[in-house]
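entry10.cif (mmCIF, C-alpha atoms) appears below.
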data_run
#
loop_
_atom_site.group_PDB
_atom_site.id
_atom_site.type_symbol
_atom_site.label_atom_id
_atom_site.label_comp_id
_atom_site.auth_asym_id
_atom_site.auth_seq_id
_atom_site.Cartn_x
_atom_site.Cartn_y
_atom_site.Cartn_z
ATOM 1 C CA MET A 156 -12.955 3.212 0.431
ATOM 2 C CA LYS A 157 -9.823 5.311 0.294
ATOM 3 C CA GLN A 158 -7.364 4.337 -2.451
ATOM 4 C CA PHE A 159 -3.558 4.191 -2.515
ATOM 5 C CA TRP A 160 -1.193 4.059 -5.503
ATOM 6 C CA ILE A 161 2.530 3.308 -5.711
ATOM 7 C CA THR A 162 4.760 3.706 -8.753
ATOM 8 C CA SER A 163 8.508 3.465 -9.360
ATOM 9 C CA GLY A 164 10.885 5.328 -11.645
ATOM 10 C CA THR A 165 13.778 7.712 -11.717
ATOM 11 C CA TYR A 166 13.850 10.332 -9.016
ATOM 12 C CA ASP A 167 13.771 13.209 -11.520
ATOM 13 C CA TYR A 168 10.771 11.787 -13.380
ATOM 14 C CA LEU A 169 8.806 11.218 -10.184
ATOM 15 C CA LYS A 170 9.640 14.729 -8.970
ATOM 16 C CA SER A 171 8.104 16.014 -12.228
ATOM 17 C CA LEU A 172 4.872 14.201 -11.258
ATOM 18 C CA LYS A 173 4.993 15.861 -7.858
ATOM 19 C CA ALA A 174 5.449 19.245 -9.553
ATOM 20 C CA LYS A 175 2.067 18.669 -11.245
ATOM 21 C CA ASP A 176 0.372 17.324 -8.087
ATOM 22 C CA ASN A 177 1.816 18.391 -4.749
ATOM 23 C CA SER A 178 -0.026 15.593 -2.883
ATOM 24 C CA VAL A 179 2.262 13.015 -4.536
ATOM 25 C CA VAL A 180 5.037 11.900 -2.167
ATOM 26 C CA VAL A 181 8.429 10.947 -3.651
ATOM 27 C CA MET A 182 11.112 8.995 -1.796
ATOM 28 C CA GLU A 183 14.266 7.110 -2.715
ATOM 29 C CA GLY A 184 15.064 3.461 -2.236
ATOM 30 C CA GLU A 185 18.296 1.564 -2.701
ATOM 31 C CA GLU A 186 17.582 0.726 -6.345
ATOM 32 C CA THR A 187 14.856 3.104 -7.469
ATOM 33 C CA ALA A 188 12.714 6.036 -6.477
ATOM 34 C CA VAL A 189 9.085 5.553 -5.499
ATOM 35 C CA ALA A 190 6.073 7.856 -5.608
ATOM 36 C CA PHE A 191 2.853 7.267 -3.731
ATOM 37 C CA LYS A 192 -0.469 8.961 -3.301
ATOM 38 C CA GLU A 193 -3.632 8.293 -1.347
ATOM 39 C CA GLY A 194 -7.147 9.585 -1.898
ATOM 40 C CA GLN A 195 -10.547 9.032 -3.447
ATOM 41 C CA GLU A 196 -9.847 10.136 -6.999
ATOM 42 C CA GLU A 197 -8.701 8.186 -10.040
ATOM 43 C CA ALA A 198 -5.213 6.725 -10.431
ATOM 44 C CA PRO A 199 -2.627 9.519 -10.557
ATOM 45 C CA PHE A 200 0.027 7.441 -12.346
ATOM 46 C CA GLU A 201 -0.041 5.623 -15.700
ATOM 47 C CA GLU A 202 1.804 2.606 -14.302
ATOM 48 C CA ALA A 203 0.847 2.021 -10.672
ATOM 49 C CA ARG A 204 0.249 -0.654 -8.110
ATOM 50 C CA HIS A 205 -3.242 -0.020 -6.760
ATOM 51 C CA TYR A 206 -4.430 -0.733 -3.208
ATOM 52 C CA GLU A 207 -7.395 -0.101 -0.957
ATOM 53 C CA ILE A 208 -6.602 1.276 2.493
ATOM 54 C CA VAL A 209 -7.902 -1.224 5.057
ATOM 55 C CA ASP A 210 -6.646 0.675 8.108
ATOM 56 C CA GLU A 211 -4.732 3.907 8.684
ATOM 57 C CA VAL A 212 -3.249 6.060 11.419
ATOM 58 C CA GLY A 213 -1.299 9.308 11.057
ATOM 59 C CA ASN A 214 -0.557 11.586 8.133
ATOM 60 C CA LEU A 215 1.908 10.782 5.361
ATOM 61 C CA SER A 216 4.669 13.228 4.519
ATOM 62 C CA ASP A 217 7.633 13.398 2.189
ATOM 63 C CA GLU A 218 10.067 13.665 5.100
ATOM 64 C CA GLY A 219 11.420 10.733 7.031
ATOM 65 C CA TYR A 220 11.820 7.013 6.508
ATOM 66 C CA VAL A 221 9.268 4.612 5.015
ATOM 67 C CA VAL A 222 9.211 0.831 5.261
ATOM 68 C CA LEU A 223 6.938 -1.267 3.044
ATOM 69 C CA ASN A 224 6.453 -4.791 4.374
ATOM 70 C CA ASN A 225 5.222 -6.738 1.330
ATOM 71 C CA ILE A 226 3.296 -9.829 2.484
ATOM 72 C CA PRO A 227 1.750 -12.381 0.087
ATOM 73 C CA VAL A 228 -1.579 -13.629 1.493
ATOM 74 C CA THR A 229 -3.794 -16.467 0.290
ATOM 75 C CA SER A 230 -7.252 -15.563 -1.054
ATOM 76 C CA GLU A 231 -8.902 -17.438 1.807
ATOM 77 C CA GLY A 232 -6.637 -15.768 4.362
ATOM 78 C CA ARG A 233 -7.376 -12.142 3.466
ATOM 79 C CA PRO A 234 -10.104 -11.588 6.114
ATOM 80 C CA LEU A 235 -7.950 -13.132 8.858
ATOM 81 C CA PHE A 236 -4.886 -11.123 7.829
ATOM 82 C CA GLU A 237 -6.854 -7.865 7.815
ATOM 83 C CA GLU A 238 -8.497 -8.631 11.158
ATOM 84 C CA ARG A 239 -5.103 -9.241 12.760
ATOM 85 C CA PHE A 240 -3.960 -5.783 11.808
ATOM 86 C CA LYS A 241 -7.169 -4.105 12.874
ATOM 87 C CA ASP A 242 -6.793 -5.780 16.292
ATOM 88 C CA ARG A 243 -3.180 -4.735 16.791
ATOM 89 C CA ALA A 244 -4.200 -2.511 19.743
ATOM 90 C CA GLY A 245 -2.028 0.441 18.791
ATOM 91 C CA THR A 246 1.291 -1.201 19.593
ATOM 92 C CA ILE A 247 3.238 0.573 16.855
ATOM 93 C CA GLU A 248 1.446 3.907 17.155
ATOM 94 C CA ASN A 249 2.908 4.522 20.611
ATOM 95 C CA GLU A 250 6.506 4.036 19.506
ATOM 96 C CA GLU A 251 8.906 6.963 19.511
ATOM 97 C CA GLY A 252 9.410 8.318 15.997
ATOM 98 C CA PHE A 253 6.279 6.687 14.541
ATOM 99 C CA LEU A 254 4.477 8.927 12.022
ATOM 100 C CA ALA A 255 1.960 6.821 10.071
ATOM 101 C CA ILE A 256 0.759 3.355 9.099
ATOM 102 C CA ARG A 257 -1.370 2.109 6.212
ATOM 103 C CA ILE A 258 -2.576 -1.448 5.734
ATOM 104 C CA LEU A 259 -2.920 -1.776 1.952
ATOM 105 C CA ARG A 260 -5.105 -4.439 0.295
ATOM 106 C CA PRO A 261 -3.954 -5.246 -3.247
ATOM 107 C CA THR A 262 -6.500 -4.919 -6.053
ATOM 108 C CA ARG A 263 -4.601 -6.971 -8.674
ATOM 109 C CA ASN A 264 -2.443 -9.520 -6.849
ATOM 110 C CA ASN A 265 -2.073 -11.232 -3.479
ATOM 111 C CA THR A 266 0.638 -9.074 -1.876
ATOM 112 C CA TYR A 267 -0.546 -6.793 0.900
ATOM 113 C CA VAL A 268 1.648 -3.894 1.957
ATOM 114 C CA VAL A 269 2.063 -2.764 5.545
ATOM 115 C CA PHE A 270 3.286 0.792 5.013
ATOM 116 C CA THR A 271 4.917 2.504 8.000
ATOM 117 C CA GLU A 272 6.499 5.940 8.145
ATOM 118 C CA TRP A 273 9.045 6.975 10.764
ATOM 119 C CA ASP A 274 10.869 10.198 11.543
ATOM 120 C CA SER A 275 14.193 8.394 10.922
ATOM 121 C CA GLU A 276 15.792 5.041 10.167
ATOM 122 C CA ALA A 277 17.034 4.980 13.770
ATOM 123 C CA SER A 278 13.435 5.111 15.061
ATOM 124 C CA PHE A 279 12.450 2.190 12.817
ATOM 125 C CA LYS A 280 15.443 0.148 14.013
ATOM 126 C CA LYS A 281 14.590 0.937 17.622
ATOM 127 C CA TRP A 282 11.032 -0.345 17.002
ATOM 128 C CA ARG A 283 12.414 -3.526 15.390
ATOM 129 C CA GLU A 284 14.497 -4.168 18.512
ATOM 130 C CA SER A 285 11.698 -3.386 20.986
ATOM 131 C CA GLN A 286 9.608 -5.706 23.136
ATOM 132 C CA ALA A 287 6.511 -4.200 21.499
ATOM 133 C CA PHE A 288 7.735 -5.422 18.081
ATOM 134 C CA GLU A 289 8.498 -8.844 19.498
ATOM 135 C CA LYS A 290 5.046 -9.088 21.064
ATOM 136 C CA ALA A 291 3.283 -7.878 17.912
ATOM 137 C CA HIS A 292 5.145 -10.415 15.771
ATOM 138 C CA GLN A 293 5.436 -13.378 18.139
ATOM 139 C CA LYS A 294 3.216 -15.609 15.997
ATOM 140 C CA SER A 295 4.196 -14.391 12.547
ATOM 141 C CA GLY A 296 7.332 -12.274 12.684
ATOM 142 C CA PRO A 297 10.710 -12.733 11.050
ATOM 143 C CA ASP A 298 11.999 -14.937 13.883
ATOM 144 C CA SER A 299 8.936 -17.137 14.339
ATOM 145 C CA GLY A 300 9.532 -20.683 13.201
ATOM 146 C CA GLU A 301 6.086 -21.275 11.798
ATOM 147 C CA LYS A 302 4.256 -18.902 9.476
ATOM 148 C CA PRO A 303 0.477 -18.490 9.720
ATOM 149 C CA SER A 304 -1.504 -20.575 7.224
ATOM 150 C CA PHE A 305 -2.706 -17.458 5.383
ATOM 151 C CA ILE A 306 0.822 -16.471 4.311
ATOM 152 C CA ASP A 307 1.388 -17.368 0.640
ATOM 153 C CA GLY A 308 5.154 -16.965 0.306
ATOM 154 C CA PRO A 309 8.077 -15.034 1.743
ATOM 155 C CA SER A 310 7.569 -11.409 2.700
ATOM 156 C CA TYR A 311 10.130 -8.725 1.896
ATOM 157 C CA LEU A 312 10.868 -5.155 2.955
ATOM 158 C CA THR A 313 11.271 -2.078 0.783
ATOM 159 C CA LYS A 314 12.951 0.835 2.557
ATOM 160 C CA LEU A 315 12.656 4.430 1.362
ATOM 161 C CA GLN A 316 13.815 7.791 2.599
ATOM 162 C CA SER A 317 13.444 11.418 1.716
ATOM 163 C CA ARG A 318 16.198 13.064 -0.274
ATOM 164 C CA ASN A 319 17.817 16.072 1.312
ATOM 165 C CA GLU A 320 17.679 18.704 -1.404
ATOM 166 C CA GLU A 321 19.168 22.145 -1.056
#

If you convert what's in this file into structure tokens, what do you get?
Amino acid sequence: MKQFWITSGTYDYLKSLKAKDNSVVVMEGEETAVAFKEGQEEAPFEEARHYEIVDEVGNLSDEGYVVLNNIPVTSEGRPLFEERFKDRAGTIENEEGFLAIRILRPTRNNTYVVFTEWDSEASFKKWRESQAFEKAHQKSGPDSGEKPSFIDGPSYLTKLQSRNEE
């Protein structure tokens, strides 16, 4: 199974990791910079959150806008959660500005990450306001009154973007 690693740090430090391994992607968030890498090999970072890729579409790049939807899932609910995403019928993939998605199964905790990459923040916001988003999240989205039984706490978003460097 393909692996995925995420680590945080200062932008300059993470760029030094990318200088050693060009397949590392570095982006900035509001409070920190984040580096990520996917592949079959061993962990590329000393301190990293490790995931297995359950499902994927598209190619990751270090340009654009990334949203990590961090969702705590009960141990018993993992198969149901994963099946829901595998059965999503391509709703997000057809959206304008969509670049990639990864469904990431945690190896050391209970928080899955739904990783999406967009060409811009505007494209992500347009998706969030679309009927396709509403349909995809009607039973478990941010506006649904009742969370599925497999959810083990509040989810939260991490938003990242590429830095424009001259």

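Atom CA of Ile306 of chain A lies 8.6 Å from atom CA of Phe236 of chain A.
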
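The space between atom CA of Val221 of chain A and atom CA of Ser304 of chain A spans 27.5 Å.
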
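Among the candidate residues A:Gly252, A:Pro234, A:Pro227, A:Pro261, the one lying nearest to Pro309 of chain A is A:Pro227, with distances computed using only C-alpha atoms.
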
- Task: Using the chain letters and numbers from the file, give me the residues hit by the PyMOL selection byres ((chain A and resi 222) around 9), as a list in words.
- Result: Tyr220, Val221, Leu223, Asn224, Val269, Phe270, Thr271, Glu272, Trp273, Phe279, Leu312, Thr313, Lys314, Leu315 and Gln316 of chain A

Writer output for current selection, C-alpha atoms, as a PDB file, keeping the file's coordinate frame:
ATOM      1  CA  TYR A 220      11.820   7.013   6.508  1.00  0.00           C
ATOM      2  CA  VAL A 221       9.268   4.612   5.015  1.00  0.00           C
ATOM      3  CA  LEU A 223       6.938  -1.267   3.044  1.00  0.00           C
ATOM      4  CA  ASN A 224       6.453  -4.791   4.374  1.00  0.00           C
ATOM      5  CA  VAL A 269       2.063  -2.764   5.545  1.00  0.00           C
ATOM      6  CA  PHE A 270       3.286   0.792   5.013  1.00  0.00           C
ATOM      7  CA  THR A 271       4.917   2.504   8.000  1.00  0.00           C
ATOM      8  CA  GLU A 272       6.499   5.940   8.145  1.00  0.00           C
ATOM      9  CA  TRP A 273       9.045   6.975  10.764  1.00  0.00           C
ATOM     10  CA  PHE A 279      12.450   2.190  12.817  1.00  0.00           C
ATOM     11  CA  LEU A 312      10.868  -5.155   2.955  1.00  0.00           C
ATOM     12  CA  THR A 313      11.271  -2.078   0.783  1.00  0.00           C
ATOM     13  CA  LYS A 314      12.951   0.835   2.557  1.00  0.00           C
ATOM     14  CA  LEU A 315      12.656   4.430   1.362  1.00  0.00           C
ATOM     15  CA  GLN A 316      13.815   7.791   2.599  1.00  0.00           C
TER      16      GLN A 316
END

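Restricting the calculation to only C-alpha atoms, the smallest distance between Lys192 of chain A and any of A:Glu218, A:Gly213, A:Asp167, A:Ile161 is found for A:Ile161.
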
- Message: Give me, as a ChimeraX atom specification, all polymer residues having an atom no more than 9 Å from segment 248-250 of chain A, counting all atoms listed in the file and skipping those fewer than 6 positions away in the same chain.
- Response: /A:212-213,256,278,281-282,287

For the selection you just gave me, I'd like the residues written to a file as a compact mmCIF listing (two decimals), in the frame of the given file, keeping C-alpha atoms.
# COMPACT_ATOMS: atom_id res chain seq x y z
CA VAL A 212 -3.25 6.06 11.42
CA GLY A 213 -1.30 9.31 11.06
CA ILE A 256 0.76 3.36 9.10
CA SER A 278 13.44 5.11 15.06
CA LYS A 281 14.59 0.94 17.62
CA TRP A 282 11.03 -0.34 17.00
CA ALA A 287 6.51 -4.20 21.50

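Shortest separation to Asn265 of chain A among A:Pro199, A:Gly232, A:Gly184, A:Pro303 occurs at residue A:Gly232, atoms counted being all atoms listed in the file.
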
- Task: Apply the PyMOL selection byres ((chain A and resi 206) around 9) to the displayed file and report the matching residues as a list in words.
- Result: Lys157, Gln158, Phe159, Trp160, Ile161, Arg204, His205, Glu207, Ile208, Val209, Leu259, Arg260, Pro261, Thr262, Arg263, Tyr267 and Val268 of chain A

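A straight line drawn from atom CA of Met156 of chain A to atom CA of Gly194 of chain A is 8.9 Å long.
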
- Shortest contact to Ile258 of chain A, candidates A:Tyr168, A:Glu211, A:Gly219, A:Glu183, atoms counted all atoms listed in the file, goes to A:Glu211

- Selection dump of the PyMOL selection byres ((chain A and resi 176) around 12), as a PyMOL selection string: chain A and resi 169-175+177-181+190-193+199-200

Taking the structure in the block just given, could you write segment 184-201 of chain A with N, CA and C atoms, as a PDB file, in the first residue's frame?
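Produced file selection_38.pdb, reproduced below:
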ATOM      1  N   GLY A 184       0.866  27.227   5.840  1.00  0.00           N
ATOM      2  CA  GLY A 184      -0.429  27.388   6.477  1.00  0.00           C
ATOM      3  C   GLY A 184      -0.451  28.703   7.225  1.00  0.00           C
ATOM      4  N   GLU A 185      -1.534  28.924   7.967  1.00  0.00           N
ATOM      5  CA  GLU A 185      -1.648  30.174   8.717  1.00  0.00           C
ATOM      6  C   GLU A 185      -0.618  30.264   9.837  1.00  0.00           C
ATOM      7  N   GLU A 186      -0.334  29.117  10.484  1.00  0.00           N
ATOM      8  CA  GLU A 186       0.551  29.133  11.644  1.00  0.00           C
ATOM      9  C   GLU A 186       1.888  28.443  11.426  1.00  0.00           C
ATOM     10  N   THR A 187       2.000  27.622  10.424  1.00  0.00           N
ATOM     11  CA  THR A 187       3.219  26.856  10.214  1.00  0.00           C
ATOM     12  C   THR A 187       3.324  26.449   8.747  1.00  0.00           C
ATOM     13  N   ALA A 188       4.460  25.946   8.385  1.00  0.00           N
ATOM     14  CA  ALA A 188       4.639  25.361   7.064  1.00  0.00           C
ATOM     15  C   ALA A 188       4.513  23.848   7.203  1.00  0.00           C
ATOM     16  N   VAL A 189       4.147  23.194   6.117  1.00  0.00           N
ATOM     17  CA  VAL A 189       3.926  21.760   6.125  1.00  0.00           C
ATOM     18  C   VAL A 189       4.611  21.149   4.910  1.00  0.00           C
ATOM     19  N   ALA A 190       5.239  20.001   5.122  1.00  0.00           N
ATOM     20  CA  ALA A 190       5.820  19.238   4.017  1.00  0.00           C
ATOM     21  C   ALA A 190       5.114  17.893   3.966  1.00  0.00           C
ATOM     22  N   PHE A 191       4.921  17.382   2.754  1.00  0.00           N
ATOM     23  CA  PHE A 191       4.334  16.063   2.621  1.00  0.00           C
ATOM     24  C   PHE A 191       4.976  15.324   1.461  1.00  0.00           C
ATOM     25  N   LYS A 192       4.877  14.011   1.557  1.00  0.00           N
ATOM     26  CA  LYS A 192       5.452  13.148   0.535  1.00  0.00           C
ATOM     27  C   LYS A 192       4.660  11.854   0.502  1.00  0.00           C
ATOM     28  N   GLU A 193       4.502  11.311  -0.705  1.00  0.00           N
ATOM     29  CA  GLU A 193       3.852  10.017  -0.845  1.00  0.00           C
ATOM     30  C   GLU A 193       4.780   9.073  -1.584  1.00  0.00           C
ATOM     31  N   GLY A 194       4.612   7.767  -1.332  1.00  0.00           N
ATOM     32  CA  GLY A 194       5.442   6.789  -2.016  1.00  0.00           C
ATOM     33  C   GLY A 194       5.473   5.458  -1.302  1.00  0.00           C
ATOM     34  N   GLN A 195       6.392   4.620  -1.716  1.00  0.00           N
ATOM     35  CA  GLN A 195       6.529   3.272  -1.167  1.00  0.00           C
ATOM     36  C   GLN A 195       7.688   3.155  -0.185  1.00  0.00           C
ATOM     37  N   GLU A 196       8.605   4.093  -0.244  1.00  0.00           N
ATOM     38  CA  GLU A 196       9.828   3.992   0.546  1.00  0.00           C
ATOM     39  C   GLU A 196       9.616   4.309   2.025  1.00  0.00           C
ATOM     40  N   GLU A 197      10.701   4.315   2.757  1.00  0.00           N
ATOM     41  CA  GLU A 197      10.669   4.593   4.192  1.00  0.00           C
ATOM     42  C   GLU A 197      10.350   6.068   4.460  1.00  0.00           C
ATOM     43  N   ALA A 198      10.030   6.357   5.708  1.00  0.00           N
ATOM     44  CA  ALA A 198       9.663   7.717   6.112  1.00  0.00           C
ATOM     45  C   ALA A 198      10.756   8.712   5.737  1.00  0.00           C
ATOM     46  N   PRO A 199      10.398   9.783   5.063  1.00  0.00           N
ATOM     47  CA  PRO A 199      11.384  10.776   4.633  1.00  0.00           C
ATOM     48  C   PRO A 199      11.698  11.825   5.693  1.00  0.00           C
ATOM     49  N   PHE A 200      10.904  11.876   6.765  1.00  0.00           N
ATOM     50  CA  PHE A 200      11.076  12.895   7.793  1.00  0.00           C
ATOM     51  C   PHE A 200      11.308  12.226   9.140  1.00  0.00           C
ATOM     52  N   GLU A 201      12.113  12.860  10.000  1.00  0.00           N
ATOM     53  CA  GLU A 201      12.348  12.316  11.343  1.00  0.00           C
ATOM     54  C   GLU A 201      11.082  12.346  12.186  1.00  0.00           C
TER      55      GLU A 201
END
